file protein10.cif (mmCIF, C-alpha atoms)
data_model
loop_
_atom_site.label_atom_id
_atom_site.label_comp_id
_atom_site.auth_asym_id
_atom_site.auth_seq_id
_atom_site.Cartn_x
_atom_site.Cartn_y
_atom_site.Cartn_z
CA MET A 1 115.80 91.33 131.57
CA ASP A 2 117.28 87.84 131.33
CA GLN A 3 119.83 86.75 128.73
CA ARG A 4 117.28 85.03 126.49
CA ALA A 5 114.98 88.03 126.36
CA LYS A 6 117.95 90.24 125.54
CA LEU A 7 118.99 87.95 122.69
CA ILE A 8 115.47 87.88 121.29
CA LYS A 9 115.28 91.68 121.51
CA ILE A 10 118.60 92.02 119.62
CA LEU A 11 117.46 89.45 117.05
CA PHE A 12 114.28 91.40 116.34
CA ILE A 13 116.17 94.70 116.10
CA VAL A 14 118.52 93.10 113.55
CA LEU A 15 115.59 91.57 111.66
CA GLN A 16 113.71 94.85 111.56
CA ILE A 17 116.72 96.86 110.39
CA GLY A 18 117.61 94.10 107.89
CA MET A 19 114.08 94.11 106.48
CA GLY A 20 114.07 97.89 106.34
CA GLY A 21 117.38 97.93 104.48
CA LEU A 22 116.22 95.24 102.09
CA PHE A 23 113.10 97.18 101.09
CA ILE A 24 115.06 100.41 100.74
CA ILE A 25 117.49 98.67 98.36
CA ALA A 26 114.66 96.97 96.45
CA GLY A 27 112.74 100.24 96.07
CA THR A 28 115.84 102.23 95.09
CA LEU A 29 116.81 99.74 92.36
CA LYS A 30 113.30 99.96 90.94
CA ILE A 31 113.15 103.74 91.02
CA LEU A 32 116.54 103.99 89.31
CA ASP A 33 115.08 102.22 86.27
CA PRO A 34 111.30 102.78 86.20
CA SER A 35 111.08 101.66 82.58
CA ASN A 36 112.51 98.26 83.45
CA PHE A 37 110.18 97.92 86.45
CA LEU A 38 107.17 98.83 84.30
CA THR A 39 108.12 96.04 81.86
CA ALA A 40 108.48 93.67 84.82
CA ILE A 41 104.94 94.51 86.02
CA GLU A 42 103.60 94.03 82.52
CA THR A 43 105.10 90.56 82.18
CA PHE A 44 102.57 89.39 84.81
CA GLN A 45 99.77 90.36 82.40
CA LEU A 46 97.41 91.05 85.29
CA LEU A 47 96.93 94.81 85.23
CA PRO A 48 95.75 97.22 82.53
CA TYR A 49 98.60 99.37 81.23
CA PRO A 50 97.55 102.65 82.96
CA LEU A 51 97.42 100.92 86.34
CA ALA A 52 100.78 99.18 85.75
CA TYR A 53 102.22 102.57 84.78
CA PHE A 54 100.89 104.16 87.99
CA ILE A 55 102.17 101.32 90.17
CA ALA A 56 105.64 101.48 88.57
CA TYR A 57 106.04 104.93 90.14
CA LEU A 58 104.16 104.38 93.41
CA LEU A 59 105.33 100.96 94.59
CA PRO A 60 109.10 101.62 94.80
CA TRP A 61 108.50 104.65 97.01
CA MET A 62 106.10 102.67 99.21
CA GLU A 63 108.90 100.15 99.70
CA ILE A 64 111.47 102.83 100.48
CA ILE A 65 109.22 104.70 102.93
CA CYS A 66 108.17 101.47 104.68
CA GLY A 67 111.83 100.43 104.87
CA LEU A 68 112.73 103.78 106.45
CA ALA A 69 109.80 103.46 108.86
CA LEU A 70 111.11 100.07 110.00
CA ILE A 71 114.64 101.35 110.53
CA PHE A 72 113.66 104.59 112.30
CA LYS A 73 110.69 103.02 114.13
CA LYS A 74 108.22 105.67 113.04
CA GLY A 75 104.88 104.37 111.88
CA GLN A 76 106.31 100.88 111.84
CA MET A 77 102.98 99.10 112.42
CA SER A 78 101.49 100.74 109.35
CA ALA A 79 104.66 99.98 107.39
CA LEU A 80 104.56 96.33 108.45
CA ILE A 81 100.91 95.96 107.48
CA ILE A 82 101.50 97.64 104.11
CA LEU A 83 104.49 95.36 103.44
CA THR A 84 102.47 92.29 104.47
CA ALA A 85 99.75 93.30 102.01
CA LEU A 86 102.26 94.01 99.23
CA ILE A 87 104.08 90.69 99.61
CA THR A 88 100.81 88.75 99.86
CA VAL A 89 99.55 90.32 96.64
CA PHE A 90 102.90 89.61 95.00
CA ILE A 91 102.81 85.94 96.08
CA ILE A 92 99.29 85.61 94.61
CA ALA A 93 100.47 87.26 91.38
CA LEU A 94 103.44 84.88 91.20
CA ALA A 95 101.23 81.84 91.77
CA LEU A 96 98.77 83.00 89.09
CA SER A 97 101.58 83.60 86.60
CA TRP A 98 103.09 80.19 87.33
CA GLY A 99 99.68 78.59 86.83
CA ARG A 100 99.30 80.39 83.49
CA GLY A 101 102.77 79.28 82.40
CA LEU A 102 104.07 82.83 81.93
CA ASP A 103 107.73 83.64 81.77
CA ILE A 104 107.73 86.70 84.02
CA VAL A 105 110.36 89.13 85.27
CA CYS A 106 110.31 89.48 89.05
CA GLY A 107 111.60 93.06 88.97
CA CYS A 108 112.29 92.71 92.69
CA PHE A 109 115.90 93.88 92.65
CA GLY A 110 116.39 95.63 89.32
CA ASN A 111 117.12 93.90 86.03
CA PRO A 112 117.66 90.14 86.44
CA GLY A 113 119.12 89.67 82.94
CA SER A 114 117.66 86.97 80.76
CA LEU A 115 117.37 84.10 83.22
CA LYS A 116 114.35 81.84 83.02
CA THR A 117 111.77 82.43 85.76
CA ASN A 118 112.52 80.28 88.80
CA TYR A 119 109.07 80.20 90.40
CA PRO A 120 109.87 77.84 93.31
CA TRP A 121 112.77 80.06 94.36
CA LEU A 122 110.76 83.30 93.99
CA LEU A 123 107.86 81.89 96.00
CA THR A 124 110.12 80.47 98.71
CA ARG A 125 111.93 83.79 99.03
CA ASN A 126 108.70 85.75 99.29
CA PHE A 127 107.10 83.36 101.77
CA ALA A 128 110.26 83.69 103.90
CA LEU A 129 110.04 87.50 103.72
CA LEU A 130 106.36 87.36 104.61
CA ALA A 131 107.08 85.09 107.59
CA VAL A 132 109.74 87.46 108.95
CA ILE A 133 107.50 90.50 108.53
CA ILE A 134 104.59 88.78 110.25
CA LEU A 135 106.92 87.75 113.11
CA ILE A 136 108.05 91.36 113.56
CA LEU A 137 104.43 92.51 113.34
CA ILE A 138 103.29 90.07 116.03
CA ARG A 139 106.14 91.02 118.34
CA ASN A 140 105.55 94.75 117.90
CA LYS A 141 101.85 94.27 118.57
CA LYS A 142 102.65 92.41 121.80
CA LEU A 143 105.05 95.17 122.89
CA CYS A 144 102.40 97.82 122.15
CA ARG A 145 99.88 96.04 124.36
CA ARG A 146 102.22 95.95 127.39
CA MET B 1 93.28 102.45 115.06
CA ASN B 2 92.92 106.12 114.19
CA GLN B 3 96.67 106.54 114.47
CA PHE B 4 97.22 103.53 112.18
CA ILE B 5 94.90 104.91 109.50
CA LYS B 6 96.62 108.30 109.68
CA GLU B 7 100.08 106.74 109.36
CA THR B 8 99.06 104.49 106.48
CA GLY B 9 97.46 107.42 104.68
CA LEU B 10 100.57 109.50 105.23
CA ILE B 11 102.86 106.76 103.82
CA CYS B 12 100.63 106.49 100.74
CA LEU B 13 100.51 110.26 100.27
CA ILE B 14 104.28 110.68 100.56
CA ALA B 15 104.82 107.76 98.14
CA LEU B 16 102.35 109.33 95.72
CA PHE B 17 104.09 112.71 95.92
CA LEU B 18 107.56 111.19 95.41
CA GLY B 19 106.19 109.03 92.58
CA LEU B 20 104.89 112.19 90.90
CA LEU B 21 108.29 113.84 91.28
CA THR B 22 109.96 110.77 89.76
CA TRP B 23 107.50 110.77 86.87
CA SER B 24 108.18 114.48 86.26
CA PHE B 25 111.95 114.63 86.64
CA HIS B 26 113.47 111.15 86.23
CA PRO B 27 115.47 111.12 82.97
CA GLY B 28 114.69 107.43 82.44
CA ALA B 29 110.96 107.69 83.18
CA PRO B 30 109.01 105.95 80.41
CA ASP B 31 106.47 108.03 78.53
CA PHE B 32 102.92 106.76 78.59
CA HIS B 33 102.59 104.37 75.62
CA LYS B 34 105.91 105.37 74.09
CA ILE B 35 107.63 102.47 72.35
CA ASP B 36 110.76 101.76 74.35
CA LEU B 37 113.06 99.46 72.45
CA GLU B 38 115.21 97.30 74.68
CA ASP B 39 118.81 96.51 73.80
CA GLY B 40 118.95 94.40 70.65
CA GLU B 41 115.28 94.89 69.80
CA ILE B 42 114.16 95.84 66.31
CA LEU B 43 110.83 97.15 65.04
CA LEU B 44 109.04 95.09 62.40
CA LYS B 45 109.02 98.05 60.02
CA THR B 46 112.79 98.54 60.42
CA ALA B 47 113.41 94.83 59.90
CA LEU B 48 111.33 94.67 56.73
CA GLU B 49 113.04 97.76 55.33
CA SER B 50 116.50 96.36 56.05
CA ALA B 51 118.80 95.85 53.08
CA ASP B 52 120.34 92.73 54.64
CA PRO B 53 118.82 89.31 53.96
CA LEU B 54 116.75 88.28 56.98
CA LEU B 55 116.69 84.97 58.80
CA TRP B 56 113.59 84.76 60.96
CA VAL B 57 113.96 82.55 64.02
CA ASP B 58 110.83 81.41 65.85
CA ALA B 59 111.57 80.92 69.55
CA ARG B 60 108.03 79.81 70.44
CA SER B 61 107.00 76.24 71.14
CA LYS B 62 107.00 73.63 68.39
CA ASP B 63 103.18 73.43 68.53
CA ASN B 64 102.78 77.16 67.98
CA PHE B 65 105.36 77.11 65.20
CA GLU B 66 103.52 74.32 63.42
CA LEU B 67 100.22 76.20 63.74
CA ASP B 68 101.65 79.21 61.96
CA HIS B 69 104.84 81.21 61.68
CA ILE B 70 106.49 84.02 59.73
CA PRO B 71 107.13 82.72 56.18
CA GLY B 72 110.63 81.30 55.91
CA ALA B 73 111.16 81.27 59.69
CA ILE B 74 112.96 78.38 61.30
CA LEU B 75 112.22 76.95 64.72
CA LEU B 76 114.83 77.41 67.43
CA ASN B 77 113.78 77.28 71.06
CA GLU B 78 115.46 76.31 74.30
CA ASP B 79 113.38 73.14 74.72
CA ASP B 80 115.20 71.38 71.87
CA TRP B 81 118.25 73.57 71.62
CA GLU B 82 120.94 71.11 70.48
CA TYR B 83 118.81 69.48 67.83
CA LEU B 84 117.34 72.71 66.45
CA LEU B 85 120.66 74.54 66.52
CA ALA B 86 122.00 72.13 63.91
CA GLU B 87 119.09 73.04 61.63
CA PHE B 88 119.70 76.72 62.30
CA MET B 89 123.37 76.35 61.30
CA GLU B 90 122.34 74.76 58.01
CA LYS B 91 120.20 77.78 57.13
CA TRP B 92 122.33 80.56 58.59
CA GLY B 93 124.68 82.63 56.43
CA PRO B 94 127.19 85.24 57.65
CA ASP B 95 125.56 88.04 55.64
CA GLN B 96 122.13 87.46 57.22
CA LYS B 97 120.44 89.53 59.87
CA VAL B 98 118.97 87.09 62.40
CA ILE B 99 115.68 88.23 63.93
CA VAL B 100 114.28 86.14 66.76
CA TYR B 101 110.65 86.40 67.84
CA CYS B 102 108.35 84.88 70.44
CA ASP B 103 104.67 85.40 71.31
CA SER B 104 104.47 89.07 72.29
CA ARG B 105 106.52 91.93 73.66
CA LEU B 106 106.13 90.41 77.13
CA CYS B 107 107.67 87.01 76.43
CA ARG B 108 111.37 86.45 76.99
CA ALA B 109 112.09 83.37 74.92
CA SER B 110 113.34 85.45 71.98
CA LYS B 111 115.75 87.35 74.21
CA ASN B 112 117.07 84.14 75.71
CA VAL B 113 117.57 82.56 72.28
CA ALA B 114 119.21 85.71 70.88
CA GLN B 115 121.52 85.86 73.88
CA ARG B 116 122.54 82.23 73.42
CA LEU B 117 123.22 82.76 69.71
CA GLN B 118 125.46 85.67 70.62
CA ASP B 119 127.21 83.86 73.48
CA GLU B 120 127.57 80.38 72.01
CA LEU B 121 128.07 81.16 68.32
CA GLN B 122 129.50 84.67 68.68
CA LEU B 123 126.93 86.01 66.19
CA ASN B 124 126.71 89.80 66.13
CA ASN B 125 123.88 90.42 63.71
CA VAL B 126 121.15 89.09 66.03
CA TYR B 127 118.01 91.04 67.00
CA THR B 128 114.73 90.37 68.73
CA LEU B 129 111.48 91.48 67.13
CA HIS B 130 109.67 94.11 69.20
CA GLY B 131 106.17 92.81 69.87
CA GLY B 132 106.99 89.36 68.47
CA TRP B 133 104.40 87.20 66.75
CA GLU B 134 101.57 89.41 68.06
CA THR B 135 102.93 92.39 66.12
CA TRP B 136 103.46 90.29 62.99
CA THR B 137 99.86 88.99 62.98
CA SER B 138 98.37 92.43 63.73
CA GLU B 139 100.37 93.94 60.84
CA GLN B 140 99.14 91.18 58.51
CA ASN B 141 95.51 91.92 59.45
#

call {"tool": "encode", "arguments": {"input": "protein10.cif", "output": "structure tokens"}}
result
Amino acid sequence: MDQRAKLIKILFIVLQIGMGGLFIIAGTLKILDPSNFLTAIETFQLLPYPLAYFIAYLLPWMEIICGLALIFKKGQMSALIILTALITVFIIALALSWGRGLDIVCGCFGNPGSLKTNYPWLLTRNFALLAVIILILIRNKKLCRR
Amino acid sequence: MNQFIKETGLICLIALFLGLLTWSFHPGAPDFHKIDLEDGEILLKTALESADPLLWVDARSKDNFELDHIPGAILLNEDDWEYLLAEFMEKWGPDQKVIVYCDSRLCRASKNVAQRLQDELQLNNVYTLHGGWETWTSEQN
């Protein structure tokens, strides 16, 4: 294995562990305060209350389990596809809320306080996350084929 | 493909199981449809029953305020903060309970305005109305 390939391999290991850790932290912060996360989901005004209530309990654990799967490399393809789907849906929800002029709470990493919604920053951050996850997904798929 | 479906299903099932455990045992788990008051929030009924004189503050847009508002309310939003704050100061008295409201329980303008009143003017007797304008209009009907 040449130097470049080694570097790329290390980079992807770091990215995968970093992403895993990020989702574990995000999920843990949500599960610590489910009431706050439920309010955050409701601020999007997209889902009926029972569904928002259900998602407030399910989604944080999905994030934590997918994060663990990425770190321990067990079921990582499924985890990556689930995370891709989750972030894509979230980006669409953000765009819709921005279009409707709503002042939403991201709820991504616990309680953000009373800051005004910074849509460009939230969208940029989530597109960046999506790009990294898709990169890891593509690389893992290539490695699986070999 | 089969493996992928199995793994995805397993992740969902584990998440569902852990979610159920959280719902059952988490001390901070919200009850279905229970009214959870956030810090500094006040129910309309509590506000109306209060012995203190009330100063209603409308944190919605000027257009919405001009369409209709709680009787006696004054406009104070972040769009025209400096200008409107002067008007607020003219009306405000130290014995008053300030109650800020915006469109519904999902808007945050009232919380932002209440926070600024507390931070910038060091007012202590400031609350946000749970449910906001939506609650007020539904109670009137």

call {"tool": "residues_around", "arguments": {"input": "protein10.cif", "residues": "Ile136 (chain A)", "least_positions_apart": "6", "cutoff": "9 Å", "atoms": "only C-alpha atoms", "output": "MDAnalysis selection string"}}
result
chainID A and resid 12 15:16 80

call {"tool": "write_last_selection", "arguments": {"input": "protein10.cif", "atoms": "C-alpha atoms", "output": "compact mmCIF listing (two decimals), in the frame of the given file"}}
result
# COMPACT_ATOMS: atom_id res chain seq x y z
CA PHE A 12 114.28 91.40 116.34
CA LEU A 15 115.59 91.57 111.66
CA GLN A 16 113.71 94.85 111.56
CA LEU A 80 104.56 96.33 108.45

call {"tool": "closest_residue", "arguments": {"input": "protein10.cif", "among": "B:Asn125, B:Gln3, B:Thr46, B:Ser138", "to": "Trp92 (chain B)", "atoms": "only C-alpha atoms"}}
result
B:Asn125

call {"tool": "interface_residues", "arguments": {"input": "protein10.cif", "of": "chain B", "to": "chain A", "cutoff": "7 Å", "atoms": "all atoms listed in the file", "output": "list in words"}}
result
Phe4, Glu7, Thr8, Ile11, Cys12, Ala15, Leu16, Leu18, Gly19, Trp23, Gly28, Ala29, Pro30, Leu106, Cys107, Arg108, Lys111 and Asn112 of chain B

call {"tool": "residues_around", "arguments": {"input": "protein10.cif", "residues": "Tyr101 (chain B)", "least_positions_apart": "2", "cutoff": "10 Å", "atoms": "only C-alpha atoms", "output": "PyMOL selection string"}}
result
chain B and resi 41+56-60+69-70+73+76+98-99+103-105+107-111+113-114+127-136

call {"tool": "write_last_selection", "arguments": {"input": "protein10.cif", "atoms": "C-alpha atoms", "output": "CSV table (one decimal), keeping the file's coordinate frame"}}
result
chain,number,residue,atom,x,y,z
B,41,GLU,CA,115.3,94.9,69.8
B,56,TRP,CA,113.6,84.8,61.0
B,57,VAL,CA,114.0,82.6,64.0
B,58,ASP,CA,110.8,81.4,65.8
B,59,ALA,CA,111.6,80.9,69.6
B,60,ARG,CA,108.0,79.8,70.4
B,69,HIS,CA,104.8,81.2,61.7
B,70,ILE,CA,106.5,84.0,59.7
B,73,ALA,CA,111.2,81.3,59.7
B,76,LEU,CA,114.8,77.4,67.4
B,98,VAL,CA,119.0,87.1,62.4
B,99,ILE,CA,115.7,88.2,63.9
B,103,ASP,CA,104.7,85.4,71.3
B,104,SER,CA,104.5,89.1,72.3
B,105,ARG,CA,106.5,91.9,73.7
B,107,CYS,CA,107.7,87.0,76.4
B,108,ARG,CA,111.4,86.4,77.0
B,109,ALA,CA,112.1,83.4,74.9
B,110,SER,CA,113.3,85.4,72.0
B,111,LYS,CA,115.8,87.4,74.2
B,113,VAL,CA,117.6,82.6,72.3
B,114,ALA,CA,119.2,85.7,70.9
B,127,TYR,CA,118.0,91.0,67.0
B,128,THR,CA,114.7,90.4,68.7
B,129,LEU,CA,111.5,91.5,67.1
B,130,HIS,CA,109.7,94.1,69.2
B,131,GLY,CA,106.2,92.8,69.9
B,132,GLY,CA,107.0,89.4,68.5
B,133,TRP,CA,104.4,87.2,66.8
B,134,GLU,CA,101.6,89.4,68.1
B,135,THR,CA,102.9,92.4,66.1
B,136,TRP,CA,103.5,90.3,63.0

call {"tool": "atom_distance", "arguments": {"input": "protein10.cif", "atom1": "CA of Gly72 (chain B)", "atom2": "CA of Val126 (chain B)"}}
result
16.5 Å
